[in-house]
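This report refers to the structure that appears directly beneath it.
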Amino acid sequence: MTGTDPAAAAVPGDGAGDPGGAPPRVSVVIPNYNYAGTLELCLASLRRQTLQPFEIIVSDDASTDDSVAVAERFGCRVLRAGTNRGVSTARNAGAAAARGDILFFLDSDQALSPDSLENAVRLLRADPALGCVHGIIDAVPLVDHGPVEWYRTLHAHHWRLKGVGPTPTAFFAAAAVPRRVFEEIGPFHPALRDSEDVEYSERLSARYGILLTDQVVAAHDEEHRLGPMLREQFRRAQYLLPFAAAHRRRPGALRANSMLGVAAATFTVATVPAAVLAAPLGVLPVLGIMAFACADPSLLRFVRRRRGLGFLPLFIGLHLLVNLQIALGAGTGWLRSRFDPGFGRVVGGPSRGTDLSAGSDAGPGVGRPDAVEGRTG
């Protein structure tokens with residue numbers, strides 16, 4: 001899908017601080033790897049936008065399913081990688097090929113609300129100091145696969161909604177960046193298949209403002225299987241201390257889970273054996289659960305409102321398991337960093353002269369995050 005739409009002409013400016021300029025040209029860049037099913041829903045949501053994109057680029061990371069056929073059926077520009085290089089390289093390739101004034105990065109397992117593109121452009125245009133506007137996750141899953149997915153979606157919606165406003169953190173699953181800003185800051189670090197948002201946020205927030213807004217909303221197809229969901233949490237948490245902890249300590253940085261909740265979940269599980277061996281110690285896990293519930297009471301109130309009191313025990317149980325995985329993953333990552341000083345370290349970022357379309361399995365000054373197996377899109 002290329003060319004401007006009459007709806008685009010209704011929004012003046014280029015989204016980069018020039019209210020009197022030409023209408024904005026929004027290039028939507030969609031990294032994708034084997035998400036044919038949700039890609040169709042993603043692209044259908046773009047057809048319903050009040051501000052139609054100038055172009056839609058699907059940067060396919062060597063998919064083996066029908067993703068390319070889906071993208072071609074929707075008339076998108078399709079970039080096909082010969083080998084799977086990860087989300088960072090796929091986004092960079094799409095950005096390099098884009099011709100628009102604004103880059104809107106959208107993951108292939110998400111579908112935008114109809115006014116999301118228009119709102120993102122308007123917010124960028126209103127504040128030239130902004131380098132990125134990104135959105136929240138809808139409280140309703142893109143595809144309903146059951147209780148685990150509802151847990152993930154409700155949690156993701158809640159913590160992002162609490163963080164709405166200026167922040168040093170950007171998530172690029174649904175994010176608009178003026179092209180001039182992206183060219184100035186440089187591409188995503190091609191070695192990172194995970195935590196690439198954190199690394200890019202550090203570079204971007206040093207020069208520009210970042211805004212998380214509830215006026216850009218994306219329904220997300222979350223992981224719905226318990227085992228893979230917990231393994232994903234464990235894998236990502238390994239980079240929490242050696243890689244992402246410094247960013248989390250910055251004022252206004254977005255945090256999905258509180259340290260109190262992680263500590264309470266760990267205490268609860270750790271005291272169960274003692275309670276089994278000595279009945280009087282049975283109070284310890286109970287105290288742990290109470291502390292865990294108090295770690296984020298607004299989350300539990302929100303879940304009760306959205307899904308009812310009957311869903312709450314399951315939600316608490318799943319949330320406790322996730323927080324336990326975060327504790328185990330962070331501990332594992334800390335131990336790995338003791339034996340491997342390069343683990344979880346990224347020194348610097350790609351320079352402005354880096355070829356945006358280039359892919360790499362390693363980069364200058366990059367430690368071990370490149371070994372993380374992640375999904376594209």
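Labeling convention for the structure tokens: chains A, B, ... as they appear, residues from 1 per chain, ligands from 1 in order of appearance.
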For this session: Give the strand (DSSP E or B) residues of range 97-160 of chain A, as assigned by DSSP on the backbone, as a list in words.
Result: Ile102, Leu103, Phe104, Phe105, Leu106, Gln110, Ala111, Leu112, Leu130, Gly131, Cys132, Val133, His134, Gly135, Ile136 and Ile137 of chain A
Selection from above, all heavy atoms, as a short mmCIF file (atom, residue, chain, number, x, y, z; two decimals), in the first residue's frame, can you write it?
```cif
data_model
loop_
_atom_site.label_atom_id
_atom_site.label_comp_id
_atom_site.auth_asym_id
_atom_site.auth_seq_id
_atom_site.Cartn_x
_atom_site.Cartn_y
_atom_site.Cartn_z
N ILE A 102 7.87 10.28 8.96
CA ILE A 102 7.72 9.68 10.28
C ILE A 102 7.78 8.17 10.13
O ILE A 102 7.13 7.60 9.25
CB ILE A 102 6.40 10.09 10.94
CG1 ILE A 102 6.36 11.60 11.17
CG2 ILE A 102 6.18 9.35 12.25
CD1 ILE A 102 5.03 12.11 11.65
N LEU A 103 8.56 7.52 10.98
CA LEU A 103 8.62 6.07 11.02
C LEU A 103 7.72 5.59 12.15
O LEU A 103 7.86 6.02 13.29
CB LEU A 103 10.05 5.59 11.27
CG LEU A 103 11.13 6.09 10.31
CD1 LEU A 103 12.51 5.61 10.77
CD2 LEU A 103 10.84 5.65 8.89
N PHE A 104 6.78 4.72 11.83
CA PHE A 104 5.94 4.12 12.87
C PHE A 104 6.26 2.64 12.91
O PHE A 104 5.95 1.89 11.99
CB PHE A 104 4.45 4.33 12.57
CG PHE A 104 3.57 4.03 13.76
CD1 PHE A 104 3.06 5.04 14.55
CD2 PHE A 104 3.27 2.71 14.10
CE1 PHE A 104 2.26 4.76 15.66
CE2 PHE A 104 2.49 2.41 15.20
CZ PHE A 104 1.98 3.44 15.98
N PHE A 105 6.93 2.24 14.00
CA PHE A 105 7.30 0.84 14.18
C PHE A 105 6.13 0.10 14.82
O PHE A 105 5.62 0.51 15.87
CB PHE A 105 8.55 0.72 15.05
CG PHE A 105 9.78 1.31 14.43
CD1 PHE A 105 10.23 2.57 14.81
CD2 PHE A 105 10.48 0.62 13.45
CE1 PHE A 105 11.37 3.13 14.23
CE2 PHE A 105 11.62 1.17 12.86
CZ PHE A 105 12.06 2.43 13.25
N LEU A 106 5.72 -0.98 14.20
CA LEU A 106 4.57 -1.76 14.68
C LEU A 106 4.91 -3.24 14.59
O LEU A 106 5.31 -3.72 13.53
CB LEU A 106 3.34 -1.44 13.83
CG LEU A 106 2.05 -2.20 14.16
CD1 LEU A 106 1.57 -1.88 15.57
CD2 LEU A 106 0.97 -1.89 13.13
N GLN A 110 0.42 -7.25 16.62
CA GLN A 110 -0.38 -6.19 17.20
C GLN A 110 -1.29 -5.56 16.15
O GLN A 110 -0.94 -5.51 14.98
CB GLN A 110 0.50 -5.12 17.84
CG GLN A 110 1.36 -5.64 18.97
CD GLN A 110 1.84 -4.54 19.89
OE1 GLN A 110 1.96 -4.72 21.07
NE2 GLN A 110 2.14 -3.38 19.33
N ALA A 111 -2.44 -5.05 16.61
CA ALA A 111 -3.38 -4.35 15.74
C ALA A 111 -3.73 -3.02 16.39
O ALA A 111 -4.09 -2.97 17.58
CB ALA A 111 -4.64 -5.18 15.52
N LEU A 112 -3.62 -1.92 15.62
CA LEU A 112 -3.80 -0.58 16.16
C LEU A 112 -5.28 -0.19 16.22
O LEU A 112 -6.07 -0.56 15.35
CB LEU A 112 -3.07 0.44 15.30
CG LEU A 112 -1.54 0.46 15.37
CD1 LEU A 112 -1.00 1.48 14.38
CD2 LEU A 112 -1.05 0.76 16.78
N LEU A 130 10.00 16.23 21.20
CA LEU A 130 9.74 14.80 21.32
C LEU A 130 10.48 14.03 20.24
O LEU A 130 10.44 14.39 19.07
CB LEU A 130 8.25 14.51 21.20
CG LEU A 130 7.37 14.76 22.42
CD1 LEU A 130 5.92 14.45 22.10
CD2 LEU A 130 7.83 13.91 23.61
N GLY A 131 11.12 12.96 20.65
CA GLY A 131 11.78 12.08 19.70
C GLY A 131 11.02 10.79 19.47
O GLY A 131 11.32 10.05 18.53
N CYS A 132 10.04 10.51 20.31
CA CYS A 132 9.28 9.27 20.18
C CYS A 132 7.95 9.39 20.92
O CYS A 132 7.91 9.91 22.04
CB CYS A 132 10.07 8.08 20.73
SG CYS A 132 9.19 6.50 20.71
N VAL A 133 6.90 8.90 20.29
CA VAL A 133 5.60 8.72 20.94
C VAL A 133 5.25 7.25 20.80
O VAL A 133 5.24 6.72 19.69
CB VAL A 133 4.52 9.60 20.28
CG1 VAL A 133 3.14 9.21 20.78
CG2 VAL A 133 4.78 11.07 20.55
N HIS A 134 5.00 6.58 21.92
CA HIS A 134 4.63 5.17 21.84
C HIS A 134 3.41 4.90 22.70
O HIS A 134 3.03 5.72 23.54
CB HIS A 134 5.80 4.25 22.21
CG HIS A 134 6.32 4.39 23.61
ND1 HIS A 134 6.23 3.37 24.53
CD2 HIS A 134 6.95 5.41 24.24
CE1 HIS A 134 6.79 3.76 25.67
NE2 HIS A 134 7.23 4.99 25.52
N GLY A 135 2.77 3.75 22.43
CA GLY A 135 1.46 3.52 22.98
C GLY A 135 1.36 2.39 23.99
O GLY A 135 2.35 1.73 24.33
N ILE A 136 0.13 2.18 24.46
CA ILE A 136 -0.15 1.17 25.46
C ILE A 136 -0.76 -0.07 24.81
O ILE A 136 -1.14 -0.06 23.64
CB ILE A 136 -1.10 1.70 26.55
CG1 ILE A 136 -2.48 2.02 25.95
CG2 ILE A 136 -0.50 2.94 27.23
CD1 ILE A 136 -3.53 2.35 27.00
N ILE A 137 -0.84 -1.14 25.59
CA ILE A 137 -1.47 -2.39 25.14
C ILE A 137 -2.95 -2.35 25.53
O ILE A 137 -3.30 -1.94 26.64
CB ILE A 137 -0.79 -3.60 25.81
CG1 ILE A 137 0.69 -3.69 25.40
CG2 ILE A 137 -1.51 -4.89 25.46
CD1 ILE A 137 0.91 -3.89 23.93
#
```
Exercise. Neighbours of Ile326 in chain A within 12 Å (only C-alpha atoms; same-chain residues fewer than 2 positions away dropped), as a PyMOL selection string?
Worked result: chain A and resi 229-241+256-259+261-266+319-324+328-333
Filtering to N, CA and C atoms, could you give me those residues as a JSON list (two decimals), in the first residue's frame?
```json
[["chain", "number", "residue", "atom", "x", "y", "z"],
["A", 229, "MET", "N", 5.60, -19.06, 28.39],
["A", 229, "MET", "CA", 5.51, -17.74, 29.00],
["A", 229, "MET", "C", 6.50, -17.59, 30.15],
["A", 230, "LEU", "N", 6.58, -18.62, 31.00],
["A", 230, "LEU", "CA", 7.51, -18.56, 32.13],
["A", 230, "LEU", "C", 8.96, -18.61, 31.66],
["A", 231, "ARG", "N", 9.23, -19.42, 30.64],
["A", 231, "ARG", "CA", 10.61, -19.47, 30.12],
["A", 231, "ARG", "C", 11.02, -18.12, 29.52],
["A", 232, "GLU", "N", 10.08, -17.46, 28.86],
["A", 232, "GLU", "CA", 10.37, -16.15, 28.29],
["A", 232, "GLU", "C", 10.72, -15.15, 29.38],
["A", 233, "GLN", "N", 9.96, -15.18, 30.48],
["A", 233, "GLN", "CA", 10.24, -14.28, 31.61],
["A", 233, "GLN", "C", 11.61, -14.56, 32.21],
["A", 234, "PHE", "N", 11.94, -15.83, 32.36],
["A", 234, "PHE", "CA", 13.24, -16.21, 32.91],
["A", 234, "PHE", "C", 14.37, -15.73, 32.01],
["A", 235, "ARG", "N", 14.21, -15.93, 30.70],
["A", 235, "ARG", "CA", 15.25, -15.55, 29.75],
["A", 235, "ARG", "C", 15.50, -14.05, 29.78],
["A", 236, "ARG", "N", 14.42, -13.29, 29.73],
["A", 236, "ARG", "CA", 14.58, -11.84, 29.69],
["A", 236, "ARG", "C", 15.14, -11.29, 31.00],
["A", 237, "ALA", "N", 14.76, -11.91, 32.11],
["A", 237, "ALA", "CA", 15.21, -11.41, 33.42],
["A", 237, "ALA", "C", 16.70, -11.59, 33.63],
["A", 238, "GLN", "N", 17.33, -12.47, 32.88],
["A", 238, "GLN", "CA", 18.77, -12.67, 33.04],
["A", 238, "GLN", "C", 19.56, -11.40, 32.72],
["A", 239, "TYR", "N", 18.98, -10.52, 31.92],
["A", 239, "TYR", "CA", 19.68, -9.30, 31.55],
["A", 239, "TYR", "C", 19.25, -8.11, 32.40],
["A", 240, "LEU", "N", 18.40, -8.36, 33.40],
["A", 240, "LEU", "CA", 17.89, -7.29, 34.22],
["A", 240, "LEU", "C", 18.99, -6.58, 34.99],
["A", 241, "LEU", "N", 19.82, -7.34, 35.70],
["A", 241, "LEU", "CA", 20.86, -6.72, 36.53],
["A", 241, "LEU", "C", 22.06, -6.25, 35.71],
["A", 256, "ALA", "N", 7.58, -3.05, 34.66],
["A", 256, "ALA", "CA", 6.43, -3.94, 34.60],
["A", 256, "ALA", "C", 6.10, -4.53, 35.96],
["A", 257, "ASN", "N", 7.13, -4.75, 36.78],
["A", 257, "ASN", "CA", 6.92, -5.39, 38.08],
["A", 257, "ASN", "C", 7.73, -4.66, 39.14],
["A", 258, "SER", "N", 7.22, -4.63, 40.37],
["A", 258, "SER", "CA", 7.92, -3.96, 41.46],
["A", 258, "SER", "C", 8.90, -4.92, 42.11],
["A", 259, "MET", "N", 9.96, -4.37, 42.67],
["A", 259, "MET", "CA", 10.92, -5.20, 43.37],
["A", 259, "MET", "C", 10.30, -5.82, 44.62],
["A", 261, "GLY", "N", 7.22, -6.90, 44.85],
["A", 261, "GLY", "CA", 6.50, -8.07, 44.39],
["A", 261, "GLY", "C", 7.43, -9.24, 44.10],
["A", 262, "VAL", "N", 8.56, -8.96, 43.47],
["A", 262, "VAL", "CA", 9.53, -10.02, 43.19],
["A", 262, "VAL", "C", 10.06, -10.63, 44.48],
["A", 263, "ALA", "N", 10.38, -9.77, 45.46],
["A", 263, "ALA", "CA", 10.91, -10.26, 46.74],
["A", 263, "ALA", "C", 9.85, -11.06, 47.50],
["A", 264, "ALA", "N", 8.60, -10.58, 47.48],
["A", 264, "ALA", "CA", 7.53, -11.28, 48.19],
["A", 264, "ALA", "C", 7.23, -12.63, 47.57],
["A", 265, "ALA", "N", 7.26, -12.71, 46.23],
["A", 265, "ALA", "CA", 7.03, -13.99, 45.56],
["A", 265, "ALA", "C", 8.13, -14.98, 45.91],
["A", 266, "THR", "N", 9.37, -14.51, 45.93],
["A", 266, "THR", "CA", 10.49, -15.38, 46.27],
["A", 266, "THR", "C", 10.38, -15.87, 47.71],
["A", 319, "HIS", "N", 0.71, -14.49, 38.41],
["A", 319, "HIS", "CA", 1.59, -13.34, 38.66],
["A", 319, "HIS", "C", 2.71, -13.71, 39.63],
["A", 320, "LEU", "N", 2.40, -14.54, 40.61],
["A", 320, "LEU", "CA", 3.42, -14.99, 41.55],
["A", 320, "LEU", "C", 4.48, -15.82, 40.83],
["A", 321, "LEU", "N", 4.04, -16.72, 39.94],
["A", 321, "LEU", "CA", 4.99, -17.54, 39.19],
["A", 321, "LEU", "C", 5.88, -16.68, 38.30],
["A", 322, "VAL", "N", 5.31, -15.66, 37.67],
["A", 322, "VAL", "CA", 6.09, -14.77, 36.81],
["A", 322, "VAL", "C", 7.13, -14.02, 37.63],
["A", 323, "ASN", "N", 6.72, -13.49, 38.78],
["A", 323, "ASN", "CA", 7.67, -12.77, 39.62],
["A", 323, "ASN", "C", 8.78, -13.68, 40.15],
["A", 324, "LEU", "N", 8.43, -14.94, 40.40],
["A", 324, "LEU", "CA", 9.45, -15.90, 40.81],
["A", 324, "LEU", "C", 10.45, -16.14, 39.69],
["A", 328, "LEU", "N", 14.51, -15.66, 39.73],
["A", 328, "LEU", "CA", 15.45, -16.71, 39.34],
["A", 328, "LEU", "C", 16.29, -16.27, 38.14],
["A", 329, "GLY", "N", 15.66, -15.62, 37.17],
["A", 329, "GLY", "CA", 16.39, -15.16, 35.99],
["A", 329, "GLY", "C", 17.41, -14.09, 36.34],
["A", 330, "ALA", "N", 17.01, -13.14, 37.18],
["A", 330, "ALA", "CA", 17.94, -12.08, 37.57],
["A", 330, "ALA", "C", 19.12, -12.65, 38.34],
["A", 331, "GLY", "N", 18.84, -13.62, 39.23],
["A", 331, "GLY", "CA", 19.93, -14.26, 39.97],
["A", 331, "GLY", "C", 20.87, -15.02, 39.06],
["A", 332, "THR", "N", 20.29, -15.73, 38.09],
["A", 332, "THR", "CA", 21.11, -16.46, 37.12],
["A", 332, "THR", "C", 21.96, -15.50, 36.29],
["A", 333, "GLY", "N", 21.36, -14.40, 35.87],
["A", 333, "GLY", "CA", 22.11, -13.41, 35.10],
["A", 333, "GLY", "C", 23.24, -12.80, 35.89]]
```
Per-residue nearest contacts of range 29-139 of chain A to range 190-211 of chain A (10 Å; only C-alpha atoms) as a Markdown table:
```
| residue | atom | partner | partner_atom | distance |
| --- | --- | --- | --- | --- |
| A:Arg85 | CA | A:Pro190 | CA | 8.0 |
| A:Gly86 | CA | A:Arg193 | CA | 5.3 |
| A:Val87 | CA | A:Arg193 | CA | 6.0 |
| A:Ser88 | CA | A:Pro190 | CA | 5.2 |
| A:Thr89 | CA | A:Pro190 | CA | 5.1 |
| A:Ala90 | CA | A:Pro190 | CA | 8.7 |
| A:Arg91 | CA | A:Pro190 | CA | 9.3 |
| A:Asn92 | CA | A:Pro190 | CA | 8.0 |
| A:Ala120 | CA | A:Leu211 | CA | 9.8 |
| A:Leu123 | CA | A:Leu211 | CA | 8.8 |
| A:Leu124 | CA | A:Leu211 | CA | 9.2 |
| A:Asp127 | CA | A:Gly209 | CA | 9.1 |
| A:Pro128 | CA | A:Tyr208 | CA | 9.1 |
| A:Ala129 | CA | A:Tyr208 | CA | 5.8 |
| A:Leu130 | CA | A:Gly209 | CA | 4.4 |
| A:Gly131 | CA | A:Tyr208 | CA | 4.9 |
| A:Cys132 | CA | A:Ile210 | CA | 4.9 |
| A:Val133 | CA | A:Leu211 | CA | 4.9 |
| A:His134 | CA | A:Leu211 | CA | 6.4 |
| A:Gly135 | CA | A:Leu211 | CA | 8.5 |
```
Exercise. For Leu314 in chain A, which of A:Ala291, A:Leu299, A:Val148, A:Val286 is the closest residue, counting only C-alpha atoms?
Worked result: A:Val148
For this session: Write out as a VMD selection string each polymer residue whose atoms come within 12 Å of Asp109 in chain A, counting only C-alpha atoms; drop sequence neighbours fewer than 6 positions from it.
Result: chain A and resid 30 to 45 67 137 141 to 143 173 to 174 218 to 223 375 to 377
Exercise. In terms of the shortest atom-to-atom distance over only C-alpha atoms, which of A:Ala139, A:Val164, A:Ile289, A:Leu335 is closest to Arg307 in chain A?
Worked result: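 Counting only C-alpha atoms, the residue closest to Arg307 in chain A is A:Ala139.
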Problem set entry | Close residues, Ala275 in chain A itself excluded, 10 Å, only C-alpha atoms, min 5 positions apart in chain, as a list of chain:residue names | A:Ala270, A:Pro280, A:Leu281, A:Gly282, A:Val283, A:Leu284, A:Pro285, A:Val286
Same residues, N, CA and C atoms, saved as a PDB file, in the first residue's frame:
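Heads up, here's the output in selection_6.pdb:
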```pdb
ATOM      1  N   ALA A 270       9.941 -19.731  48.920  1.00  0.00           N
ATOM      2  CA  ALA A 270      11.071 -20.234  49.708  1.00  0.00           C
ATOM      3  C   ALA A 270      10.648 -20.735  51.082  1.00  0.00           C
ATOM      4  N   PRO A 280       3.811 -24.571  62.746  1.00  0.00           N
ATOM      5  CA  PRO A 280       3.778 -23.162  63.181  1.00  0.00           C
ATOM      6  C   PRO A 280       4.373 -22.199  62.148  1.00  0.00           C
ATOM      7  N   LEU A 281       5.240 -22.702  61.281  1.00  0.00           N
ATOM      8  CA  LEU A 281       5.854 -21.841  60.270  1.00  0.00           C
ATOM      9  C   LEU A 281       4.941 -21.641  59.054  1.00  0.00           C
ATOM     10  N   GLY A 282       3.763 -22.258  59.105  1.00  0.00           N
ATOM     11  CA  GLY A 282       2.820 -22.098  58.005  1.00  0.00           C
ATOM     12  C   GLY A 282       2.371 -20.668  57.810  1.00  0.00           C
ATOM     13  N   VAL A 283       2.576 -19.854  58.839  1.00  0.00           N
ATOM     14  CA  VAL A 283       2.189 -18.449  58.716  1.00  0.00           C
ATOM     15  C   VAL A 283       3.100 -17.699  57.745  1.00  0.00           C
ATOM     16  N   LEU A 284       4.308 -18.199  57.522  1.00  0.00           N
ATOM     17  CA  LEU A 284       5.271 -17.474  56.684  1.00  0.00           C
ATOM     18  C   LEU A 284       4.813 -17.350  55.229  1.00  0.00           C
ATOM     19  N   PRO A 285       4.407 -18.464  54.576  1.00  0.00           N
ATOM     20  CA  PRO A 285       3.911 -18.288  53.201  1.00  0.00           C
ATOM     21  C   PRO A 285       2.666 -17.410  53.138  1.00  0.00           C
ATOM     22  N   VAL A 286       1.828 -17.469  54.170  1.00  0.00           N
ATOM     23  CA  VAL A 286       0.639 -16.623  54.197  1.00  0.00           C
ATOM     24  C   VAL A 286       1.044 -15.154  54.240  1.00  0.00           C
TER      25      VAL A 286
END
```
Exercise. Taking the backbone alone, and naming residues the way the document does, which bits of range 132-360 of chain A are helix (DSSP H, G or I) by DSSP, as a VMD selection string?
Worked result: chain A and resid 147 to 162 179 to 185 196 to 205 226 to 237 240 to 248 259 to 277 279 to 295 297 to 307 309 to 339
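Residues in contact with Gly82 in chain A at up to 10 Å, not including ones fewer than 4 positions away on its chain and judged by only C-alpha atoms, are Asp60, Asp61, Ala62 and Ser63 of chain A.
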Problem set entry | Two-atom distance - CA of Val276 in chain A, CA of Leu309 in chain A (Å) | 28.8 Å
Exercise. With only C-alpha atoms as the atoms that count, which of A:Arg306, A:Ala95, A:Asp115, A:Leu287 lies nearest to Phe182 in chain A?
Worked result: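 Checking each of A:Arg306, A:Ala95, A:Asp115, A:Leu287 against Phe182 in chain A, counting only C-alpha atoms, the winner is A:Ala95.
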Exercise. In Å to one decimal, how far is CA of Ala69 in chain A from CA of Phe54 in chain A?
Worked result: 20.8 Å
